[in-house]
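One structure is given here, and the rest of the page talks about it.
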Amino acid sequence: MLIIIVGYYLFICILIWITPPYGDPGAVLFTSKVMSNTGFPYDPVCSGKISELELVLCVRSPLYYLLLALAGDFYKIIPMIMTGLYLTFQVILARSKGLSLSVFALMYPPVYLLYSRTYVDTLTAILSTLMLIALIKTKTNSSKLYNILLFLLPMLLVLTRESALGLPLLLLLIFLIKPEFRNKKMLTPLFGWIIGVIIWQLYVSMSEGKAYSDVYPHLPTKEELYNAIMTTLTPILPWEVRPDDLQAYLVPANFAAPMTNLIGIVVILFGFTGLVPLLVSLINYKLVDRLILGQVIFGITIAGGLLFLKGDVDFFRHLAYFLPVAPLLIELGINVIQKRTRIGVIMIKMSFVIMLTFYFVRTIRLFSSGYQFDPCHDYILKRQDLLTVRYFYETACG
């Protein structure tokens, strides 16, 4: 099975290599170039004029942008390394719970969606997974290594994602539901988090900008809720499938329109089929370690909170806090279902494979289109308030 996981890793590396930095990944890459020029990851998305005379610059948690800046033109090697680390830590986490992780558990769509793009949240998922491993190991191992990790990882998380300011919620959950952690053990990650917050605030102060806080509390619409659910379940969003897409794959025009609706329904069915093992694991929660359950609650709370604070796109990004436990839950669910129906397990595995195939075909089409992200025309020139910021203009159009 390990050889198959290695093959899956190489497949994701191919996805990373052929995926152009469109949309949000393009913005992340642009911000890393700004950091390379200035030392600070100023984000043009949330920067702007708050009055006719005052321009406020947003500065992001710097760690992932720093990695991209150091990689330069070879930036795609960063998500490749991130993918390898994530898959390795997932195998270690599963073995620590007595499970042999199958490749199907790693085909949960948000895994390859995040890792085939240059999203900051890939590093968030890795650090969170390693922190979970360190917490599990400290129960049976008194090695100083795990105590050091429990101090460093919360600090690094704050320097990776602004939402890690909510990390004390995870520590509180662990304290409440895991009796063996009701001692000084929880002070180590708490102190690490405090040091991370202090460093982050000093860094923002040095930047002469403001911390990223681009939030607009609101009640999600039905459409946003639907979008959030579907981005969790499937890599091919039903509303993105259009007749001209199918015609690009040599489907005759007469069949393209009816097939569009059919494929949309199929995608939804496959997405919900892939959700089944996750639900089975949570229904049989007594089979799940309480540390894992704590991470589940934390991950869903952060992602759900962002749905109310920003919208469905940030809900998807912050599934990074759920990714540390998603493969383990899927593996547990598949094992439970296997005891009752082999056909059910086959359908679940087929749904994961078919969804990944759909995404691969879509990525090939995107690659073959020759699309190139142009930050000057597609980004900065559309924002008149940013044209006066020299390093924004020079980075994009220089």
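Residue numbering restarts at 1 for every chain of the structure tokens, chains are lettered A, B, ... in their displayed order, and ligands are numbered from 1 as they appear.
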Contact check, stretch 329-385 of chain A to stretch 272-281 of chain A, at most 8 Å, counting only C-alpha atoms, closest pairs as JSON lines:
```
{"residue": "A:Leu329", "atom": "CA", "partner": "A:Leu278", "partner_atom": "CA", "distance": 5.6}
{"residue": "A:Ile330", "atom": "CA", "partner": "A:Pro277", "partner_atom": "CA", "distance": 5.0}
{"residue": "A:Glu331", "atom": "CA", "partner": "A:Pro277", "partner_atom": "CA", "distance": 7.5}
{"residue": "A:Leu332", "atom": "CA", "partner": "A:Ser281", "partner_atom": "CA", "distance": 6.0}
{"residue": "A:Gly333", "atom": "CA", "partner": "A:Pro277", "partner_atom": "CA", "distance": 4.0}
{"residue": "A:Ile334", "atom": "CA", "partner": "A:Pro277", "partner_atom": "CA", "distance": 5.5}
{"residue": "A:Val336", "atom": "CA", "partner": "A:Val280", "partner_atom": "CA", "distance": 7.6}
{"residue": "A:Ile337", "atom": "CA", "partner": "A:Pro277", "partner_atom": "CA", "distance": 7.5}
{"residue": "A:Met347", "atom": "CA", "partner": "A:Thr273", "partner_atom": "CA", "distance": 7.6}
{"residue": "A:Ile348", "atom": "CA", "partner": "A:Gly274", "partner_atom": "CA", "distance": 5.6}
{"residue": "A:Lys349", "atom": "CA", "partner": "A:Gly274", "partner_atom": "CA", "distance": 7.8}
{"residue": "A:Ser351", "atom": "CA", "partner": "A:Gly274", "partner_atom": "CA", "distance": 6.2}
{"residue": "A:Phe352", "atom": "CA", "partner": "A:Gly274", "partner_atom": "CA", "distance": 6.3}
```
Selection export as a PDB file, in the first residue's frame, atoms kept: N, CA and C atoms:
```
ATOM      1  N   LEU A 329     -10.384   9.467   9.604  1.00  0.00           N
ATOM      2  CA  LEU A 329     -11.820   9.213   9.749  1.00  0.00           C
ATOM      3  C   LEU A 329     -12.356   8.419   8.565  1.00  0.00           C
ATOM      4  N   ILE A 330     -11.884   8.747   7.365  1.00  0.00           N
ATOM      5  CA  ILE A 330     -12.329   8.007   6.182  1.00  0.00           C
ATOM      6  C   ILE A 330     -11.895   6.553   6.270  1.00  0.00           C
ATOM      7  N   GLU A 331     -10.659   6.320   6.706  1.00  0.00           N
ATOM      8  CA  GLU A 331     -10.166   4.941   6.841  1.00  0.00           C
ATOM      9  C   GLU A 331     -10.974   4.164   7.876  1.00  0.00           C
ATOM     10  N   LEU A 332     -11.271   4.804   9.002  1.00  0.00           N
ATOM     11  CA  LEU A 332     -12.101   4.153  10.021  1.00  0.00           C
ATOM     12  C   LEU A 332     -13.487   3.834   9.472  1.00  0.00           C
ATOM     13  N   GLY A 333     -14.074   4.786   8.749  1.00  0.00           N
ATOM     14  CA  GLY A 333     -15.401   4.587   8.173  1.00  0.00           C
ATOM     15  C   GLY A 333     -15.425   3.468   7.160  1.00  0.00           C
ATOM     16  N   ILE A 334     -14.395   3.409   6.304  1.00  0.00           N
ATOM     17  CA  ILE A 334     -14.313   2.337   5.305  1.00  0.00           C
ATOM     18  C   ILE A 334     -14.214   0.976   5.990  1.00  0.00           C
ATOM     19  N   VAL A 336     -15.386   0.147   8.951  1.00  0.00           N
ATOM     20  CA  VAL A 336     -16.695  -0.194   9.532  1.00  0.00           C
ATOM     21  C   VAL A 336     -17.654  -0.670   8.440  1.00  0.00           C
ATOM     22  N   ILE A 337     -17.681   0.043   7.311  1.00  0.00           N
ATOM     23  CA  ILE A 337     -18.576  -0.324   6.212  1.00  0.00           C
ATOM     24  C   ILE A 337     -18.178  -1.665   5.611  1.00  0.00           C
ATOM     25  N   MET A 347     -18.166   0.999  -4.031  1.00  0.00           N
ATOM     26  CA  MET A 347     -18.787   2.217  -4.578  1.00  0.00           C
ATOM     27  C   MET A 347     -18.088   3.466  -4.047  1.00  0.00           C
ATOM     28  N   ILE A 348     -17.745   3.454  -2.752  1.00  0.00           N
ATOM     29  CA  ILE A 348     -17.061   4.606  -2.146  1.00  0.00           C
ATOM     30  C   ILE A 348     -15.693   4.808  -2.785  1.00  0.00           C
ATOM     31  N   LYS A 349     -14.946   3.732  -2.929  1.00  0.00           N
ATOM     32  CA  LYS A 349     -13.613   3.827  -3.531  1.00  0.00           C
ATOM     33  C   LYS A 349     -13.704   4.282  -4.993  1.00  0.00           C
ATOM     34  N   SER A 351     -16.011   6.163  -6.252  1.00  0.00           N
ATOM     35  CA  SER A 351     -16.386   7.584  -6.284  1.00  0.00           C
ATOM     36  C   SER A 351     -15.156   8.464  -6.104  1.00  0.00           C
ATOM     37  N   PHE A 352     -14.237   8.074  -5.201  1.00  0.00           N
ATOM     38  CA  PHE A 352     -13.011   8.850  -4.996  1.00  0.00           C
ATOM     39  C   PHE A 352     -12.142   8.838  -6.255  1.00  0.00           C
TER      40      PHE A 352
END
```
Per-residue DSSP, stretch 135-177 of chain A, filtered to helix (DSSP H, G or I), as a ChimeraX atom specification
/A:135-138,144-158,162-177
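Proximity ranking of A:Leu101, A:Leu15, A:Val389, A:Leu173 relative to A:Leu87 places A:Leu101 first, based on only C-alpha atoms.
Checking A:Val111, A:Leu149, A:Ile302, A:Val345 one by one against A:Pro235, counting only C-alpha atoms, you find the shortest gap at A:Val111.
Each of A:Val325, A:Val241, A:Cys397, A:Ala228 was checked against A:Arg290 using only C-alpha atoms; the smallest atom-to-atom distance is that of A:Val325.
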Please run DSSP on the backbone and report, as number ranges by chain, all residues within stretch 30-211 of chain A that come out as strand (DSSP E).
A: 42-49, 55-59, 210-211
Restricted to C-alpha atoms, what would the selected residues look like written as a PDB file, in the first residue's frame?
```
ATOM      1  CA  TYR A  42       1.474  42.981   1.830  1.00  0.00           C
ATOM      2  CA  ASP A  43      -1.795  41.641   0.435  1.00  0.00           C
ATOM      3  CA  PRO A  44      -3.381  43.854  -2.244  1.00  0.00           C
ATOM      4  CA  VAL A  45      -6.748  42.098  -1.826  1.00  0.00           C
ATOM      5  CA  CYS A  46      -7.462  43.656   1.565  1.00  0.00           C
ATOM      6  CA  SER A  47      -5.219  46.729   1.171  1.00  0.00           C
ATOM      7  CA  GLY A  48      -6.862  49.927   0.029  1.00  0.00           C
ATOM      8  CA  LYS A  49      -7.957  53.442   0.830  1.00  0.00           C
ATOM      9  CA  LEU A  55      -4.097  54.075   2.269  1.00  0.00           C
ATOM     10  CA  VAL A  56      -3.920  51.112   4.623  1.00  0.00           C
ATOM     11  CA  LEU A  57      -1.771  48.114   3.726  1.00  0.00           C
ATOM     12  CA  CYS A  58      -2.695  44.628   4.915  1.00  0.00           C
ATOM     13  CA  VAL A  59       0.133  42.351   5.996  1.00  0.00           C
ATOM     14  CA  LYS A 210      -2.305  46.400   9.701  1.00  0.00           C
ATOM     15  CA  ALA A 211      -2.944  42.760  10.496  1.00  0.00           C
TER      16      ALA A 211
END
```
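Nearest residue to A:Lys137 among A:Arg117, A:Lys222, A:Lys97, A:Arg317 is A:Lys97, counting only C-alpha atoms.
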